[in-house]
Amino acid sequence: MFDDGIAVIGLGYIGLPTCAALTRQGIAVVGVDVNARTVEEINAGRVPIVEPNLDVAIASAVGKGLLTATTSTPHASVYLIAVPTPFRGDHEPDLAHVRAATEAIAPQLRGGEVVILESTSPPGTTQLISEWISDLRPDLKLPHMGGIPDVHLAHCPERVLPGRIMVEIFANDRIVGGLTPECAMRAAEVYRTFVTGEILLTDATTAEMAKLTENAFRDVNIAFANELAEICEHVGLDVWEVIRMANRHPRVDILKPGPGVGGHCIAVDPWFIVSAAPEQARLIRAARETNDGRPRSVLDKIATALALAGKPGGEGATVACLGLAFKADIDDLRESPALAITETFATEHPGTRVLAVEPHVDALPAGLAALPNVELAATAQAVREADVVVLLVDHAAFRSVSLGDLRGRELVDTRGLWR
Ligand code: SAJ
């Protein structure tokens, strides 16, 4: 089935681990990416992202000659599309990368290939790919046309958790949704080579919706915790203690409040559901708005802390912002509320010195580096010099900060680390 190998389109947080998983089974993979620098790095056996155990797996695959990277899409027996699906300014899905990948695959097709979409996508996208290919290749019969197709198409959403990708890519159950039952079966053969979890077959649109549902479920549950934090603050209660007590009920499991929801998945995917059914998706939209409102409420708390520190307005004050990543113990700054809070605070308070601490990066991201009042600092120095310490990410590295170190400073602990 894989005589001409597998091409993985998009060598990011999903595509690259998928290359690692396939090559570990001895399957030859060509990785395709539009970024020439990424391609160069991978061909040198280096990994341009931080994810536990991924570097060793990729270096070994390149060393054995099983993985090569390129900027141009080759012919292959199987295509796996793992490109980003962001949203536009109006929260509508942006399928430009999926379309570009499809347009690069179409001329390579000879008949008999399996094309699998892994990117999280709005319902109907796999069908759309089938239609796009058929526009470009009227000589081929595609699954949406009925009958036996020349090319099989399926959606198999990725579900790995950043920080645990190299465990979950093998262990998690996978949903494989085909445009036809035969498409699902053909695509499932690819995952059977490396997945130890169960492989669940369904139709493509159900698979698309199931993936969005998983992330919307988590978003709504985080929004519940965040709303509870706002309520407890309003009535003068410690939300962490309230949650600790409530969670002792056998059927209650409240998640953790925080400074907002980041990453490129949970903060994005629920909007695809809202876009598909705006009238019906009321709770899902409200959850997004609640979570997106959290950074502003953290900024208000920093202002209060500055006043308590005797430096209202922040003029001449030093504020330590601990953590820039979107969650604990990773280096990923995408859609990070911690980064947004630090940047907004520094921009709105040019007279405040901001010490940004992020143990997982060597340099400030461009937005922060451009601000003259922001410096990248080590944890101990930042805590020592700060009037206000703002804990934005519960990195393990910050657990070593003791209450003694924090004495005399005003604290804004958005993750309940120091309570
Ligand atoms: N967060 C909280 N409180 C919590 C849990 C999370 O504030 O109790 C915040 C985190 O700090 C972070 C954001 O939510 O900013 C998202 O973090 P996460 O760990 O919940 O999820 P992601 O974005 O790293 O990965 C999710 C996962 N989806 C689900 O758990 C349903 C993962 O399995 C998916 O593969 C991934 O999205 C994806 O790529 O779609």
# chains A, B, ... in the order shown; residues from 1 in each chain; ligands from 1
call {"tool": "select_by_dssp", "arguments": {"residues": "segment 43-125 of chain A", "states": "strand (DSSP E)", "output": "PyMOL selection string"}}
result
chain A and resi 67-70+78-81+114-117
call {"tool": "residues_around", "arguments": {"residues": "segment 258-264 of chain A", "least_positions_apart": "4", "cutoff": "10 Å", "atoms": "only C-alpha atoms", "output": "short mmCIF file (atom, residue, chain, number, x, y, z; two decimals) with C-alpha atoms, in the first residue's frame"}}
result
data_model
loop_
_atom_site.label_atom_id
_atom_site.label_comp_id
_atom_site.auth_asym_id
_atom_site.auth_seq_id
_atom_site.Cartn_x
_atom_site.Cartn_y
_atom_site.Cartn_z
CA PRO A 84 -2.47 25.04 10.26
CA THR A 85 -6.15 25.98 10.10
CA PRO A 86 -6.33 29.34 11.86
CA PHE A 87 -9.28 31.71 11.92
CA PRO A 162 1.57 19.35 23.45
CA ASP A 219 -13.05 25.25 26.43
CA ILE A 222 -12.27 25.93 31.45
CA ALA A 223 -14.71 28.84 31.01
CA ALA A 225 -13.67 27.50 36.12
CA ASN A 226 -12.79 31.01 34.93
CA ALA A 229 -12.97 32.63 39.66
CA VAL A 268 -9.54 28.56 17.87
CA ASP A 269 -11.56 25.40 17.17
CA ARG A 288 -14.96 31.63 24.17
CA THR A 290 -15.42 34.34 28.96
CA ASN A 291 -11.98 32.82 28.34
CA ASP A 292 -10.96 35.68 26.04
CA GLY A 293 -12.01 38.15 28.75
CA ARG A 294 -9.59 36.74 31.33
CA PRO A 295 -6.44 38.67 30.28
CA ARG A 296 -8.27 41.97 30.87
CA SER A 297 -9.27 40.92 34.36
CA VAL A 298 -5.64 39.92 35.14
CA LEU A 299 -4.52 43.37 33.91
CA ALA A 325 4.15 30.18 27.19
CA PHE A 326 0.51 29.23 26.67
CA LYS A 327 0.69 26.56 29.37
CA ASP A 332 5.04 27.32 22.70
CA LEU A 333 4.04 31.00 22.78
CA ARG A 334 1.26 30.78 20.19
CA GLU A 335 -1.99 32.50 21.22
CA SER A 336 -0.54 32.69 24.72
CA PRO A 337 -2.60 34.75 27.20
CA ALA A 338 0.55 35.13 29.35
CA LEU A 339 2.37 36.75 26.43
CA ALA A 340 -0.61 38.95 25.59
CA ILE A 341 -0.94 40.12 29.21
CA LEU A 391 2.51 34.37 38.01
CA LEU A 392 1.13 33.69 34.54
CA VAL A 393 2.25 30.10 33.82
CA ASP A 394 2.60 27.27 36.34
CA ASP A 413 -1.10 34.44 41.14
CA THR A 414 -3.31 33.51 38.18
CA ARG A 415 -2.64 29.76 38.49
CA GLY A 416 -2.97 29.14 42.23
#
call {"tool": "select_by_dssp", "arguments": {"residues": "segment 159-395 of chain A", "states": "alpha helix (DSSP H)", "output": "short mmCIF file (atom, residue, chain, number, x, y, z; two decimals) with N, CA, C and O atoms, in the first residue's frame"}}
result
data_model
loop_
_atom_site.label_atom_id
_atom_site.label_comp_id
_atom_site.auth_asym_id
_atom_site.auth_seq_id
_atom_site.Cartn_x
_atom_site.Cartn_y
_atom_site.Cartn_z
N ILE A 165 3.23 14.68 23.19
CA ILE A 165 2.91 14.23 21.84
C ILE A 165 3.49 12.86 21.52
O ILE A 165 2.80 12.00 20.97
N MET A 166 4.76 12.64 21.90
CA MET A 166 5.42 11.39 21.51
C MET A 166 4.89 10.17 22.28
O MET A 166 5.21 9.04 21.92
N VAL A 167 4.09 10.42 23.30
CA VAL A 167 3.39 9.32 23.97
C VAL A 167 2.02 9.15 23.33
O VAL A 167 1.63 8.07 22.88
N GLU A 168 1.29 10.29 23.23
CA GLU A 168 -0.11 10.21 22.80
C GLU A 168 -0.27 9.86 21.32
O GLU A 168 -1.28 9.30 20.93
N ILE A 169 0.72 10.19 20.49
CA ILE A 169 0.58 9.90 19.06
C ILE A 169 0.46 8.38 18.83
O ILE A 169 -0.21 7.93 17.90
N PHE A 170 1.07 7.60 19.71
CA PHE A 170 0.97 6.14 19.61
C PHE A 170 -0.25 5.62 20.39
O PHE A 170 -0.97 4.75 19.92
N ALA A 171 -0.46 6.17 21.58
CA ALA A 171 -1.41 5.55 22.53
C ALA A 171 -2.86 5.97 22.33
O ALA A 171 -3.77 5.20 22.65
N PRO A 181 -17.09 4.52 3.15
CA PRO A 181 -16.56 3.53 4.11
C PRO A 181 -15.22 2.96 3.65
O PRO A 181 -14.31 2.72 4.45
N GLU A 182 -15.06 2.76 2.34
CA GLU A 182 -13.79 2.23 1.80
C GLU A 182 -12.64 3.24 2.06
O GLU A 182 -11.52 2.85 2.40
N CYS A 183 -12.95 4.53 1.90
CA CYS A 183 -11.94 5.57 2.18
C CYS A 183 -11.46 5.45 3.63
O CYS A 183 -10.26 5.52 3.91
N ALA A 184 -12.42 5.26 4.57
CA ALA A 184 -12.07 5.15 6.00
C ALA A 184 -11.18 3.93 6.22
O ALA A 184 -10.17 4.00 6.92
N MET A 185 -11.54 2.82 5.57
CA MET A 185 -10.75 1.59 5.77
C MET A 185 -9.33 1.74 5.22
O MET A 185 -8.37 1.32 5.85
N ARG A 186 -9.22 2.39 4.06
CA ARG A 186 -7.88 2.57 3.47
C ARG A 186 -7.03 3.48 4.34
O ARG A 186 -5.84 3.23 4.56
N ALA A 187 -7.65 4.56 4.86
CA ALA A 187 -6.90 5.50 5.71
C ALA A 187 -6.51 4.83 7.03
O ALA A 187 -5.40 5.05 7.55
N ALA A 188 -7.40 3.99 7.56
CA ALA A 188 -7.12 3.32 8.84
C ALA A 188 -5.86 2.46 8.75
O ALA A 188 -5.12 2.33 9.73
N GLU A 189 -5.60 1.89 7.57
CA GLU A 189 -4.40 1.05 7.41
C GLU A 189 -3.12 1.83 7.72
O GLU A 189 -2.15 1.29 8.24
N VAL A 190 -3.15 3.13 7.41
CA VAL A 190 -1.97 3.97 7.68
C VAL A 190 -1.74 4.05 9.19
O VAL A 190 -0.63 3.88 9.68
N TYR A 191 -2.83 4.28 9.95
CA TYR A 191 -2.70 4.46 11.40
C TYR A 191 -2.42 3.14 12.11
O TYR A 191 -1.78 3.13 13.17
N ARG A 192 -2.89 2.03 11.51
CA ARG A 192 -2.64 0.72 12.15
C ARG A 192 -1.15 0.42 12.22
O ARG A 192 -0.71 -0.39 13.02
N ALA A 204 -16.58 11.27 7.26
CA ALA A 204 -15.63 12.39 7.37
C ALA A 204 -16.19 13.56 8.16
O ALA A 204 -15.50 14.14 9.01
N THR A 205 -17.46 13.92 7.93
CA THR A 205 -18.01 15.11 8.60
C THR A 205 -18.19 14.86 10.09
O THR A 205 -17.97 15.75 10.91
N THR A 206 -18.57 13.63 10.46
CA THR A 206 -18.67 13.30 11.89
C THR A 206 -17.29 13.41 12.54
O THR A 206 -17.16 13.93 13.65
N ALA A 207 -16.26 12.95 11.84
CA ALA A 207 -14.90 13.03 12.38
C ALA A 207 -14.50 14.50 12.58
O ALA A 207 -13.92 14.87 13.61
N GLU A 208 -14.83 15.34 11.60
CA GLU A 208 -14.50 16.77 11.71
C GLU A 208 -15.19 17.38 12.93
O GLU A 208 -14.58 18.09 13.73
N MET A 209 -16.49 17.07 13.07
CA MET A 209 -17.27 17.65 14.17
C MET A 209 -16.82 17.07 15.52
O MET A 209 -16.78 17.80 16.52
N ALA A 210 -16.46 15.79 15.55
CA ALA A 210 -16.02 15.16 16.82
C ALA A 210 -14.78 15.86 17.35
O ALA A 210 -14.66 16.16 18.54
N LYS A 211 -13.85 16.15 16.45
CA LYS A 211 -12.62 16.84 16.88
C LYS A 211 -12.92 18.22 17.45
O LYS A 211 -12.43 18.62 18.52
N LEU A 212 -13.76 18.97 16.76
CA LEU A 212 -14.12 20.31 17.23
C LEU A 212 -14.83 20.21 18.58
O LEU A 212 -14.63 21.03 19.47
N THR A 213 -15.65 19.17 18.71
CA THR A 213 -16.42 18.97 19.94
C THR A 213 -15.49 18.71 21.13
O THR A 213 -15.72 19.23 22.22
N GLU A 214 -14.43 17.94 20.91
CA GLU A 214 -13.49 17.65 22.00
C GLU A 214 -12.91 18.94 22.57
O GLU A 214 -12.87 19.15 23.78
N ASN A 215 -12.47 19.81 21.67
CA ASN A 215 -11.83 21.04 22.14
C ASN A 215 -12.85 22.05 22.67
O ASN A 215 -12.56 22.79 23.61
N ALA A 216 -14.06 22.06 22.10
CA ALA A 216 -15.10 22.95 22.62
C ALA A 216 -15.52 22.50 24.02
O ALA A 216 -15.78 23.32 24.91
N PHE A 217 -15.57 21.19 24.22
CA PHE A 217 -15.91 20.64 25.55
C PHE A 217 -14.92 21.15 26.60
O PHE A 217 -15.29 21.62 27.67
N ARG A 218 -13.64 21.09 26.24
CA ARG A 218 -12.61 21.54 27.20
C ARG A 218 -12.71 23.05 27.41
O ARG A 218 -12.60 23.54 28.52
N ASP A 219 -12.97 23.78 26.33
CA ASP A 219 -13.05 25.25 26.43
C ASP A 219 -14.21 25.66 27.35
O ASP A 219 -14.05 26.54 28.20
N VAL A 220 -15.35 25.00 27.19
CA VAL A 220 -16.52 25.32 28.00
C VAL A 220 -16.22 25.01 29.48
O VAL A 220 -16.58 25.78 30.38
N ASN A 221 -15.53 23.90 29.71
CA ASN A 221 -15.20 23.53 31.10
C ASN A 221 -14.18 24.48 31.72
O ASN A 221 -14.27 24.81 32.91
N ILE A 222 -13.23 24.94 30.93
CA ILE A 222 -12.27 25.93 31.45
C ILE A 222 -13.01 27.25 31.72
O ILE A 222 -12.78 27.92 32.72
N ALA A 223 -13.94 27.60 30.82
CA ALA A 223 -14.71 28.84 31.01
C ALA A 223 -15.51 28.78 32.30
O ALA A 223 -15.65 29.77 33.01
N PHE A 224 -16.02 27.59 32.64
CA PHE A 224 -16.77 27.43 33.89
C PHE A 224 -15.85 27.77 35.07
O PHE A 224 -16.23 28.52 35.98
N ALA A 225 -14.63 27.23 35.03
CA ALA A 225 -13.67 27.50 36.12
C ALA A 225 -13.33 28.99 36.16
O ALA A 225 -13.24 29.60 37.24
N ASN A 226 -13.15 29.59 34.98
CA ASN A 226 -12.79 31.01 34.93
C ASN A 226 -13.93 31.89 35.43
O ASN A 226 -13.72 32.88 36.13
N GLU A 227 -15.16 31.51 35.06
CA GLU A 227 -16.31 32.30 35.52
C GLU A 227 -16.44 32.17 37.05
O GLU A 227 -16.71 33.16 37.74
N LEU A 228 -16.18 30.96 37.54
CA LEU A 228 -16.22 30.74 38.98
C LEU A 228 -15.19 31.62 39.69
O LEU A 228 -15.46 32.16 40.78
N ALA A 229 -14.02 31.77 39.07
CA ALA A 229 -12.97 32.63 39.66
C ALA A 229 -13.47 34.06 39.78
O ALA A 229 -13.27 34.72 40.80
N GLU A 230 -14.15 34.53 38.73
CA GLU A 230 -14.68 35.91 38.75
C GLU A 230 -15.75 36.04 39.84
O GLU A 230 -15.79 37.01 40.58
N ILE A 231 -16.62 35.02 39.94
CA ILE A 231 -17.70 35.05 40.93
C ILE A 231 -17.11 35.05 42.35
O ILE A 231 -17.50 35.85 43.21
N CYS A 232 -16.15 34.16 42.59
CA CYS A 232 -15.56 34.05 43.93
C CYS A 232 -14.87 35.35 44.31
O CYS A 232 -14.95 35.80 45.47
N GLU A 233 -14.20 35.96 43.35
CA GLU A 233 -13.54 37.23 43.65
C GLU A 233 -14.58 38.27 44.04
O GLU A 233 -14.40 39.03 44.99
N HIS A 234 -15.68 38.28 43.31
CA HIS A 234 -16.74 39.26 43.56
C HIS A 234 -17.34 39.09 44.97
O HIS A 234 -17.60 40.07 45.66
N VAL A 235 -17.51 37.82 45.39
CA VAL A 235 -18.12 37.62 46.71
C VAL A 235 -17.06 37.42 47.81
O VAL A 235 -17.39 37.11 48.94
N VAL A 239 -11.27 30.96 45.18
CA VAL A 239 -11.81 30.02 44.19
C VAL A 239 -11.14 28.64 44.29
O VAL A 239 -11.79 27.61 44.08
N TRP A 240 -9.86 28.62 44.63
CA TRP A 240 -9.13 27.34 44.66
C TRP A 240 -9.68 26.45 45.78
O TRP A 240 -9.81 25.25 45.62
N GLU A 241 -10.02 27.09 46.90
CA GLU A 241 -10.58 26.33 48.03
C GLU A 241 -12.00 25.85 47.68
O GLU A 241 -12.37 24.70 47.96
N VAL A 242 -12.77 26.72 47.01
CA VAL A 242 -14.13 26.34 46.61
C VAL A 242 -14.06 25.13 45.67
O VAL A 242 -14.79 24.14 45.84
N ILE A 243 -13.15 25.18 44.69
CA ILE A 243 -13.04 24.07 43.72
C ILE A 243 -12.56 22.80 44.42
O ILE A 243 -13.06 21.70 44.17
N ARG A 244 -11.60 22.97 45.34
CA ARG A 244 -11.07 21.80 46.05
C ARG A 244 -12.19 21.09 46.80
O ARG A 244 -12.29 19.86 46.78
N MET A 245 -13.05 21.88 47.42
CA MET A 245 -14.17 21.29 48.17
C MET A 245 -15.17 20.64 47.20
O MET A 245 -15.57 19.50 47.39
N ALA A 246 -15.59 21.39 46.18
CA ALA A 246 -16.62 20.89 45.24
C ALA A 246 -16.14 19.63 44.53
O ALA A 246 -16.94 18.71 44.28
N ASP A 269 -10.62 26.38 17.74
CA ASP A 269 -11.56 25.40 17.17
C ASP A 269 -13.04 25.66 17.51
O ASP A 269 -13.90 25.46 16.63
N PRO A 270 -13.37 26.09 18.75
CA PRO A 270 -14.80 26.30 19.02
C PRO A 270 -15.42 27.33 18.09
O PRO A 270 -16.63 27.25 17.79
N TRP A 271 -14.61 28.27 17.59
CA TRP A 271 -15.16 29.26 16.65
C TRP A 271 -15.65 28.59 15.36
O TRP A 271 -16.54 29.09 14.70
N PHE A 272 -15.05 27.44 15.00
CA PHE A 272 -15.48 26.75 13.78
C PHE A 272 -16.91 26.20 13.97
O PHE A 272 -17.69 26.14 13.03
N ILE A 273 -17.22 25.83 15.21
CA ILE A 273 -18.58 25.36 15.50
C ILE A 273 -19.53 26.56 15.48
O ILE A 273 -20.61 26.50 14.90
N VAL A 274 -19.09 27.66 16.08
CA VAL A 274 -19.93 28.87 16.08
C VAL A 274 -20.21 29.31 14.65
O VAL A 274 -21.33 29.67 14.29
N SER A 275 -19.17 29.23 13.82
CA SER A 275 -19.32 29.64 12.43
C SER A 275 -20.29 28.73 11.67
O SER A 275 -21.08 29.18 10.85
N ALA A 276 -20.28 27.42 12.02
CA ALA A 276 -21.16 26.47 11.32
C ALA A 276 -22.61 26.60 11.77
O ALA A 276 -23.53 26.32 10.99
N ARG A 282 -24.71 28.85 21.38
CA ARG A 282 -24.71 29.99 22.31
C ARG A 282 -23.75 29.78 23.47
O ARG A 282 -23.01 30.68 23.84
N LEU A 283 -23.77 28.59 24.05
CA LEU A 283 -22.90 28.31 25.20
C LEU A 283 -21.43 28.29 24.76
O LEU A 283 -20.55 28.80 25.45
N ILE A 284 -21.20 27.71 23.59
CA ILE A 284 -19.83 27.58 23.09
C ILE A 284 -19.25 28.98 22.79
O ILE A 284 -18.09 29.26 23.11
N ARG A 285 -20.08 29.86 22.24
CA ARG A 285 -19.62 31.23 21.99
C ARG A 285 -19.36 31.96 23.32
O ARG A 285 -18.33 32.63 23.49
N ALA A 286 -20.29 31.79 24.29
CA ALA A 286 -20.13 32.48 25.58
C ALA A 286 -18.84 32.02 26.28
O ALA A 286 -18.13 32.82 26.89
N ALA A 287 -18.54 30.72 26.15
CA ALA A 287 -17.31 30.19 26.78
C ALA A 287 -16.08 30.85 26.17
O ALA A 287 -15.15 31.25 26.87
N ARG A 288 -16.08 30.98 24.85
CA ARG A 288 -14.96 31.63 24.17
C ARG A 288 -14.79 33.07 24.68
O ARG A 288 -13.71 33.55 24.95
N GLU A 289 -15.94 33.76 24.82
CA GLU A 289 -15.87 35.16 25.25
C GLU A 289 -15.39 35.26 26.70
O GLU A 289 -14.60 36.13 27.03
N THR A 290 -15.86 34.34 27.55
CA THR A 290 -15.42 34.34 28.96
C THR A 290 -13.90 34.13 29.02
O THR A 290 -13.19 34.86 29.71
N ASN A 291 -13.42 33.12 28.29
CA ASN A 291 -11.98 32.82 28.34
C ASN A 291 -11.17 33.96 27.72
O ASN A 291 -10.09 34.29 28.22
N ASP A 292 -11.67 34.55 26.66
CA ASP A 292 -10.96 35.68 26.04
C ASP A 292 -10.98 36.93 26.92
O ASP A 292 -10.15 37.83 26.74
N GLY A 293 -11.93 36.98 27.87
CA GLY A 293 -12.01 38.15 28.75
C GLY A 293 -11.05 38.07 29.93
O GLY A 293 -10.83 39.06 30.64
N ARG A 294 -10.44 36.91 30.15
CA ARG A 294 -9.59 36.74 31.33
C ARG A 294 -8.35 37.63 31.35
O ARG A 294 -8.01 38.18 32.40
N PRO A 295 -7.63 37.80 30.22
CA PRO A 295 -6.44 38.67 30.28
C PRO A 295 -6.78 40.07 30.82
O PRO A 295 -6.03 40.61 31.62
N ARG A 296 -7.93 40.61 30.41
CA ARG A 296 -8.27 41.97 30.87
C ARG A 296 -8.46 41.96 32.38
O ARG A 296 -8.02 42.87 33.08
N SER A 297 -9.05 40.91 32.92
CA SER A 297 -9.27 40.92 34.36
C SER A 297 -7.94 40.74 35.12
O SER A 297 -7.77 41.28 36.22
N VAL A 298 -6.97 40.02 34.51
CA VAL A 298 -5.64 39.92 35.14
C VAL A 298 -4.96 41.30 35.12
O VAL A 298 -4.35 41.73 36.10
N LEU A 299 -5.11 42.02 34.00
CA LEU A 299 -4.52 43.37 33.91
C LEU A 299 -5.10 44.28 35.00
O LEU A 299 -4.37 45.07 35.61
N ASP A 300 -6.39 44.16 35.26
CA ASP A 300 -7.02 44.95 36.33
C ASP A 300 -6.41 44.60 37.68
O ASP A 300 -6.18 45.46 38.53
N LYS A 301 -6.14 43.29 37.87
CA LYS A 301 -5.57 42.86 39.16
C LYS A 301 -4.14 43.40 39.33
O LYS A 301 -3.73 43.75 40.44
N ILE A 302 -3.40 43.48 38.22
CA ILE A 302 -2.03 44.03 38.32
C ILE A 302 -2.12 45.51 38.73
O ILE A 302 -1.35 45.99 39.57
N ALA A 303 -3.09 46.22 38.17
CA ALA A 303 -3.26 47.64 38.50
C ALA A 303 -3.56 47.79 40.00
O ALA A 303 -2.97 48.64 40.68
N THR A 304 -4.42 46.92 40.53
CA THR A 304 -4.75 46.97 41.96
C THR A 304 -3.50 46.67 42.80
O THR A 304 -3.23 47.33 43.81
N ALA A 305 -2.72 45.67 42.35
CA ALA A 305 -1.51 45.29 43.09
C ALA A 305 -0.50 46.44 43.11
O ALA A 305 0.16 46.68 44.13
N LEU A 306 -0.40 47.16 42.00
CA LEU A 306 0.53 48.30 41.94
C LEU A 306 0.10 49.37 42.96
O LEU A 306 0.95 49.96 43.65
N ALA A 307 -1.20 49.58 43.03
CA ALA A 307 -1.71 50.58 43.99
C ALA A 307 -1.38 50.13 45.42
O ALA A 307 -0.91 50.92 46.24
N LEU A 308 -1.57 48.83 45.69
CA LEU A 308 -1.27 48.31 47.03
C LEU A 308 0.22 48.40 47.35
O LEU A 308 0.62 48.54 48.50
N PRO A 337 -2.07 33.63 26.41
CA PRO A 337 -2.60 34.75 27.20
C PRO A 337 -1.51 35.39 28.06
O PRO A 337 -1.54 36.61 28.29
N ALA A 338 -0.53 34.59 28.52
CA ALA A 338 0.55 35.13 29.35
C ALA A 338 1.35 36.17 28.55
O ALA A 338 1.68 37.26 29.05
N LEU A 339 1.63 35.82 27.30
CA LEU A 339 2.37 36.75 26.43
C LEU A 339 1.54 38.00 26.17
O LEU A 339 2.03 39.14 26.26
N ALA A 340 0.26 37.81 25.89
CA ALA A 340 -0.61 38.95 25.59
C ALA A 340 -0.71 39.89 26.79
O ALA A 340 -0.65 41.12 26.65
N ILE A 341 -0.82 39.30 28.00
CA ILE A 341 -0.94 40.12 29.21
C ILE A 341 0.35 40.93 29.42
O ILE A 341 0.32 42.13 29.68
N THR A 342 1.50 40.26 29.27
CA THR A 342 2.79 40.94 29.48
C THR A 342 2.95 42.08 28.48
O THR A 342 3.34 43.20 28.84
N GLU A 343 2.61 41.79 27.22
CA GLU A 343 2.78 42.80 26.16
C GLU A 343 1.82 43.98 26.37
O GLU A 343 2.22 45.15 26.27
N THR A 344 0.56 43.66 26.68
CA THR A 344 -0.41 44.74 26.87
C THR A 344 -0.04 45.58 28.08
O THR A 344 -0.07 46.82 28.05
N PHE A 345 0.35 44.90 29.16
CA PHE A 345 0.70 45.65 30.37
C PHE A 345 1.88 46.59 30.09
O PHE A 345 1.84 47.78 30.44
N ALA A 346 2.92 46.06 29.44
CA ALA A 346 4.12 46.87 29.19
C ALA A 346 3.79 48.05 28.26
O ALA A 346 4.30 49.15 28.43
N THR A 347 2.93 47.81 27.28
CA THR A 347 2.56 48.87 26.35
C THR A 347 1.74 49.96 27.07
O THR A 347 1.96 51.15 26.85
N GLU A 348 0.84 49.52 27.93
CA GLU A 348 -0.03 50.49 28.62
C GLU A 348 0.68 51.19 29.77
O GLU A 348 0.18 52.18 30.31
N ALA A 366 9.43 38.88 19.31
CA ALA A 366 9.59 40.20 18.67
C ALA A 366 8.74 41.30 19.31
O ALA A 366 9.23 42.40 19.56
N GLY A 367 7.47 40.99 19.59
CA GLY A 367 6.55 42.01 20.14
C GLY A 367 7.08 42.60 21.45
O GLY A 367 7.00 43.81 21.68
N LEU A 368 7.63 41.75 22.31
CA LEU A 368 8.15 42.22 23.60
C LEU A 368 9.51 42.88 23.44
O LEU A 368 9.81 43.88 24.09
N ALA A 369 10.32 42.31 22.53
CA ALA A 369 11.68 42.84 22.32
C ALA A 369 11.61 44.29 21.83
O ALA A 369 12.52 45.09 22.08
N THR A 379 14.44 33.92 36.87
CA THR A 379 13.39 33.92 37.90
C THR A 379 13.85 34.65 39.18
O THR A 379 13.16 35.56 39.66
N ALA A 380 15.00 34.25 39.69
CA ALA A 380 15.44 34.78 41.00
C ALA A 380 15.63 36.29 40.93
O ALA A 380 15.19 37.02 41.82
N GLN A 381 16.27 36.75 39.85
CA GLN A 381 16.50 38.20 39.72
C GLN A 381 15.17 38.95 39.63
O GLN A 381 14.98 39.98 40.29
N ALA A 382 14.24 38.42 38.82
CA ALA A 382 12.96 39.10 38.62
C ALA A 382 12.20 39.22 39.94
O ALA A 382 11.69 40.29 40.28
N VAL A 383 12.18 38.12 40.70
CA VAL A 383 11.44 38.13 41.97
C VAL A 383 12.11 39.11 42.94
O VAL A 383 11.45 39.88 43.64
N ARG A 384 13.46 39.10 42.95
CA ARG A 384 14.21 39.97 43.87
C ARG A 384 13.92 41.44 43.60
O ARG A 384 13.72 42.24 44.50
N GLU A 385 13.86 41.81 42.32
CA GLU A 385 13.77 43.23 41.98
C GLU A 385 12.35 43.76 41.84
O GLU A 385 12.15 44.96 41.67
#
call {"tool": "residues_around", "arguments": {"residues": "segment 136-140 of chain A", "least_positions_apart": "2", "cutoff": "7 Å", "atoms": "only C-alpha atoms", "output": "list in words"}}
result
Ala106, Trp132, Ile133, Ser134, Leu142 and Asp150 of chain A
call {"tool": "residues_around", "arguments": {"residues": "Pro17 of chain A", "least_positions_apart": "4", "cutoff": "7 Å", "atoms": "only C-alpha atoms", "output": "list in words"}}
result
Tyr13, Ala21, Leu54 and Met166 of chain A
call {"tool": "residues_around", "arguments": {"residues": "Ala356 of chain A", "least_positions_apart": "6", "cutoff": "8 Å", "atoms": "only C-alpha atoms", "output": "JSON, numbers by chain"}}
result
{"A": [320, 321, 322, 323, 324, 342, 374, 375, 376, 377, 382]}
call {"tool": "write_last_selection", "arguments": {"atoms": "N, CA and C atoms", "output": "mmCIF file, in the first residue's frame"}}
result
data_model
loop_
_atom_site.group_PDB
_atom_site.id
_atom_site.type_symbol
_atom_site.label_atom_id
_atom_site.label_comp_id
_atom_site.auth_asym_id
_atom_site.auth_seq_id
_atom_site.Cartn_x
_atom_site.Cartn_y
_atom_site.Cartn_z
ATOM 1 N N ALA A 320 7.392 41.819 37.735
ATOM 2 C CA ALA A 320 7.927 40.561 37.185
ATOM 3 C C ALA A 320 6.762 39.744 36.641
ATOM 4 N N CYS A 321 6.847 39.371 35.374
ATOM 5 C CA CYS A 321 5.811 38.518 34.762
ATOM 6 C C CYS A 321 6.411 37.129 34.583
ATOM 7 N N LEU A 322 5.957 36.173 35.367
ATOM 8 C CA LEU A 322 6.551 34.834 35.319
ATOM 9 C C LEU A 322 5.793 33.938 34.347
ATOM 10 N N GLY A 323 6.453 33.624 33.224
ATOM 11 C CA GLY A 323 5.873 32.739 32.218
ATOM 12 C C GLY A 323 5.319 33.507 31.038
ATOM 13 N N LEU A 324 5.654 33.022 29.846
ATOM 14 C CA LEU A 324 5.114 33.610 28.606
ATOM 15 C C LEU A 324 4.408 32.550 27.762
ATOM 16 N N THR A 342 1.500 40.263 29.269
ATOM 17 C CA THR A 342 2.791 40.941 29.480
ATOM 18 C C THR A 342 2.950 42.081 28.477
ATOM 19 N N VAL A 374 10.855 46.439 28.549
ATOM 20 C CA VAL A 374 10.792 44.998 28.848
ATOM 21 C C VAL A 374 12.172 44.351 28.737
ATOM 22 N N GLU A 375 12.520 43.535 29.735
ATOM 23 C CA GLU A 375 13.781 42.771 29.685
ATOM 24 C C GLU A 375 13.468 41.304 29.959
ATOM 25 N N LEU A 376 14.246 40.405 29.337
ATOM 26 C CA LEU A 376 14.139 38.978 29.676
ATOM 27 C C LEU A 376 14.996 38.756 30.917
ATOM 28 N N ALA A 377 14.430 38.163 31.948
ATOM 29 C CA ALA A 377 15.176 38.017 33.206
ATOM 30 C C ALA A 377 15.084 36.588 33.716
ATOM 31 N N ALA A 382 14.236 38.424 38.820
ATOM 32 C CA ALA A 382 12.961 39.103 38.620
ATOM 33 C C ALA A 382 12.200 39.223 39.936
#
